[in-house]
>>> print(open('protein25.txt').read())   # compact mmCIF, C-alpha atoms
# COMPACT_ATOMS: atom_id res chain seq x y z
CA MET A 1 0.00 0.00 0.00
CA LYS A 2 2.84 2.37 0.90
CA ASP A 3 4.57 1.53 -2.40
CA LEU A 4 1.39 2.37 -4.26
CA GLN A 5 1.13 5.72 -2.47
CA LYS A 6 4.79 6.51 -3.26
CA LEU A 7 4.22 5.59 -6.91
CA PHE A 8 1.15 7.82 -7.03
CA ILE A 9 3.08 10.74 -5.54
CA VAL A 10 5.99 10.27 -7.95
CA LEU A 11 3.63 10.11 -10.97
CA THR A 12 1.76 13.19 -9.76
CA LEU A 13 5.00 15.14 -9.37
CA ALA A 14 6.16 13.99 -12.81
CA LEU A 15 2.90 15.20 -14.38
CA ILE A 16 3.22 18.54 -12.66
CA ALA A 17 6.81 18.89 -13.86
CA VAL A 18 5.85 18.04 -17.46
CA GLY A 19 2.91 20.45 -17.36
CA GLY A 20 5.17 23.15 -15.97
CA THR A 21 7.71 22.60 -18.72
CA ALA A 22 5.02 22.84 -21.38
CA ALA A 23 3.75 26.06 -19.83
CA GLN A 24 7.29 27.45 -19.70
CA ASN A 25 7.82 26.56 -23.37
CA ARG A 26 4.52 28.18 -24.29
CA ASP A 27 5.44 31.33 -22.36
CA ARG A 28 8.90 31.42 -23.95
CA ASP A 29 7.37 31.07 -27.45
CA ARG A 30 4.84 33.83 -26.71
CA ASP A 31 7.63 36.11 -25.43
CA ARG A 32 9.74 35.41 -28.54
CA ASN A 33 6.80 36.19 -30.83
CA ASP A 34 6.10 39.41 -28.91
CA ARG A 35 9.77 40.42 -29.24
CA ASP A 36 9.72 39.71 -32.98
CA ARG A 37 6.59 41.83 -33.45
CA ASN A 38 8.07 44.67 -31.41
CA GLU A 39 11.32 44.53 -33.37
CA GLN A 40 9.36 44.66 -36.62
CA ARG A 41 7.45 47.71 -35.39
CA ALA A 42 10.68 49.27 -34.14
CA GLU A 43 12.38 48.79 -37.54
CA ARG A 44 11.24 51.97 -39.22
CA TRP A 45 11.97 53.14 -42.75
CA ARG A 46 11.32 56.36 -44.60
CA VAL A 47 10.91 56.83 -48.32
CA ARG A 48 10.49 60.14 -50.11
CA HIS A 49 8.23 60.30 -53.13
CA SER A 50 6.68 63.30 -54.91
CA GLY A 51 7.79 65.68 -52.19
CA HIS A 52 6.31 63.63 -49.35
CA ASN A 53 7.95 61.46 -46.73
CA TYR A 54 6.32 58.10 -46.08
CA ASP A 55 7.13 56.36 -42.81
CA LEU A 56 7.06 52.58 -43.08
CA ASP A 57 7.55 49.58 -40.87
CA ARG A 58 9.53 46.57 -42.05
CA SER A 59 6.55 44.79 -43.63
CA GLN A 60 5.55 47.90 -45.59
CA ALA A 61 9.13 48.39 -46.79
CA ASP A 62 9.13 44.74 -47.87
CA MET A 63 5.84 45.32 -49.77
CA LEU A 64 7.48 48.13 -51.75
CA ARG A 65 10.46 45.90 -52.51
CA GLN A 66 7.98 43.28 -53.71
CA ALA A 67 6.23 45.93 -55.84
CA VAL A 68 9.48 46.73 -57.67
CA ASN A 69 10.23 43.05 -58.23
CA ALA A 70 6.66 42.22 -59.33
CA GLY A 71 6.83 45.13 -61.75
CA TYR A 72 10.15 43.89 -63.08
CA GLN A 73 8.77 40.39 -63.63
CA GLN A 74 5.64 41.64 -65.37
CA GLY A 75 7.64 44.13 -67.43
CA TYR A 76 10.19 41.54 -68.47
CA GLN A 77 7.45 39.24 -69.78
CA ALA A 78 5.67 42.10 -71.56
CA GLY A 79 8.96 43.28 -73.09
CA ARG A 80 9.70 39.81 -74.43
CA GLU A 81 6.21 39.61 -75.92
CA GLY A 82 6.67 43.07 -77.49
CA ARG A 83 9.97 41.99 -79.02
CA THR A 84 8.51 38.73 -80.30
CA ALA A 85 5.60 40.57 -81.93
CA ARG A 86 8.09 43.11 -83.37
CA ARG A 87 5.47 45.80 -83.36
CA ARG A 88 6.72 49.28 -84.20
CA GLY A 89 6.01 51.94 -81.63
CA VAL A 90 5.32 49.43 -78.87
CA SER A 91 6.06 50.87 -75.44
CA TYR A 92 5.76 49.82 -71.83
CA ARG A 93 3.54 52.87 -71.28
CA THR A 94 0.78 51.32 -73.41
CA ASN A 95 0.77 48.08 -71.41
CA THR A 96 -2.29 47.56 -69.19
CA ALA A 97 -0.26 46.03 -66.35
CA TYR A 98 1.99 49.11 -66.34
CA ARG A 99 -0.90 51.57 -66.41
CA GLU A 100 -2.85 49.81 -63.64
CA ALA A 101 0.27 48.89 -61.63
CA THR A 102 -1.69 46.95 -59.04
CA TYR A 103 -0.43 43.41 -59.66
CA GLY A 104 0.34 41.95 -56.22
CA TYR A 105 -1.00 45.01 -54.40
CA ASN A 106 -1.84 44.61 -50.72
CA SER A 107 -3.70 47.30 -48.80
CA GLY A 108 -0.93 47.39 -46.17
CA VAL A 109 0.81 50.22 -48.03
CA ASP A 110 -0.34 53.39 -49.82
CA ARG A 111 -1.73 52.38 -53.23
CA ASN A 112 -0.17 55.28 -55.15
CA LEU A 113 3.21 54.51 -53.64
CA TYR A 114 2.89 50.84 -54.58
CA GLN A 115 1.89 51.76 -58.14
CA TYR A 116 4.82 54.13 -58.57
CA TYR A 117 7.37 51.54 -57.48
CA PHE A 118 5.69 48.78 -59.48
CA GLN A 119 6.04 51.00 -62.56
CA GLN A 120 9.71 51.65 -61.80
CA GLY A 121 10.34 47.90 -61.79
CA PHE A 122 8.15 47.40 -64.86
CA GLN A 123 10.15 49.91 -66.93
CA ARG A 124 13.41 48.16 -66.17
CA GLY A 125 11.91 44.72 -66.75
CA TRP A 126 10.50 45.86 -70.08
CA GLN A 127 13.90 47.13 -71.17
CA ASP A 128 15.59 43.87 -70.21
CA GLY A 129 12.89 41.71 -71.81
CA TYR A 130 12.57 43.74 -75.00
CA ASN A 131 16.35 43.88 -75.48
CA SER A 132 16.93 40.23 -74.43
CA ARG A 133 19.43 41.11 -71.75
CA PHE A 134 19.80 41.29 -67.98
CA GLN A 135 21.01 44.78 -67.16
CA TYR A 136 18.68 45.26 -64.18
CA GLY A 137 17.88 41.70 -63.18
CA ARG A 138 18.81 38.07 -63.50
CA ASN A 139 17.30 34.72 -64.32
CA GLU A 140 17.36 32.34 -61.37
CA ASN A 141 16.20 28.84 -62.28
CA GLY A 142 13.66 30.14 -64.78
CA SER A 143 12.40 32.99 -62.59
CA VAL A 144 13.44 36.54 -63.41
CA ASN A 145 14.07 38.93 -60.53
CA ILE A 146 15.39 42.44 -60.30
CA LEU A 147 18.77 42.83 -58.62
CA GLY A 148 18.65 43.79 -54.95
CA ASN A 149 20.95 46.79 -55.35
CA ILE A 150 18.69 48.12 -58.12
CA VAL A 151 15.65 47.76 -55.86
CA GLU A 152 17.36 49.65 -53.06
CA SER A 153 18.51 52.43 -55.41
CA ILE A 154 14.96 52.80 -56.79
CA LEU A 155 13.36 52.90 -53.34
CA GLY A 156 15.96 55.02 -51.58
CA LEU A 157 14.77 53.70 -48.21
CA ARG A 158 16.37 55.27 -45.17
CA ARG A 159 16.25 53.78 -41.68
CA TYR A 160 15.32 56.06 -38.84
>>> encode(input="protein25.txt", output="structure tokens")
Amino acid sequence: MKDLQKLFIVLTLALIAVGGTAAQNRDRDRDRNDRDRNEQRAERWRVRHSGHNYDLDRSQADMLRQAVNAGYQQGYQAGREGRTARRRGVSYRTNTAYREATYGYNSGVDRNLYQYYFQQGFQRGWQDGYNSRFQYGRNENGSVNILGNIVESILGLRRY
């Protein structure tokens, strides 16, 4: 009987210890996620466009980087199609994707800002695609992407 009581006490303590460890892990994960969110909010960027400063957090800055790259990809494809068709007077400015400039848009950033940077990428993609070259981007395993240094020079993001 005493052995059974000792076994019961040991099992109870073991369950408490395991439950405590799980709670500690859960708390540690929550704290890490909170720190990550706070760091993301603390990482602030500023971009200047059309005489205005736009203050951005990391995710918004990443959306603008994505806008430039999405524009480059769409422009590259449109430029290749324009070259293949060999139409005289064809221009990126007449392309619907360029004029709308909303491909990949997410409401987390100012729409006009997104459109401007999409168009900046599109122009460079068009030039590379139409001229069958990679001046502004590269082909990585069949996927074209604008070069990171070009993106940063287009955006002109400054940390503050």
>>> atom_distance(input="protein25.txt", atom1="atom CA of A:Gly79", atom2="atom CA of A:Leu147")
17.5 Å
>>> closest_residue(input="protein25.txt", among="A:Ala78, A:Val90, A:Ala85, A:Ala70", to="A:Ile146", atoms="only C-alpha atoms")
A:Ala70
>>> atom_distance(input="protein25.txt", atom1="atom CA of A:Leu56", atom2="atom CA of A:Arg111")
13.4 Å
>>> residues_around(input="protein25.txt", residues="A:Tyr114", least_positions_apart="5", cutoff="10 Å", atoms="all atoms listed in the file", output="count of residues only")
19
>>> atom_distance(input="protein25.txt", atom1="atom CA of A:Gly75", atom2="atom CA of A:Tyr92")
7.4 Å
>>> residues_around(input="protein25.txt", residues="A:Tyr54", least_positions_apart="6", cutoff="10 Å", atoms="all atoms listed in the file", output="JSON, numbers by chain")
{"A": [45, 46, 47, 48, 109, 110, 113, 157]}
>>> closest_residue(input="protein25.txt", among="A:Ser91, A:Asn69, A:Thr12, A:Thr96", to="A:Leu155", atoms="all atoms listed in the file")
A:Asn69
>>> closest_residue(input="protein25.txt", among="A:Asp62, A:Glu100, A:Asp57, A:Asp128", to="A:Gly148", atoms="all atoms listed in the file")
A:Asp62
>>> closest_residue(input="protein25.txt", among="A:Tyr72, A:Arg99, A:Ser143, A:Arg133", to="A:Gln115", atoms="only C-alpha atoms")
A:Arg99
>>> axis_aligned_box(input="protein25.txt", around="stretch 78-81 of chain A", padding_each_side="6 Å", output="AutoDock Vina command-line options")
--center_x 7.7 --center_y 41.4 --center_z -73.7 --size_x 16.0 --size_y 15.7 --size_z 16.4
>>> closest_residue(input="protein25.txt", among="A:Arg83, A:Glu43, A:Ala14, A:Ile154", to="A:Phe118", atoms="only C-alpha atoms")
A:Ile154
>>> residues_around(input="protein25.txt", residues="A:Arg80", least_positions_apart="6", cutoff="9 Å", atoms="only C-alpha atoms", output="PDB file with C-alpha atoms, in the frame of the given file")
ATOM      1  CA  TRP A 126      10.500  45.860 -70.080  1.00  0.00           C
ATOM      2  CA  ASP A 128      15.590  43.870 -70.210  1.00  0.00           C
ATOM      3  CA  GLY A 129      12.890  41.710 -71.810  1.00  0.00           C
ATOM      4  CA  TYR A 130      12.570  43.740 -75.000  1.00  0.00           C
ATOM      5  CA  ASN A 131      16.350  43.880 -75.480  1.00  0.00           C
ATOM      6  CA  SER A 132      16.930  40.230 -74.430  1.00  0.00           C
TER       7      SER A 132
END
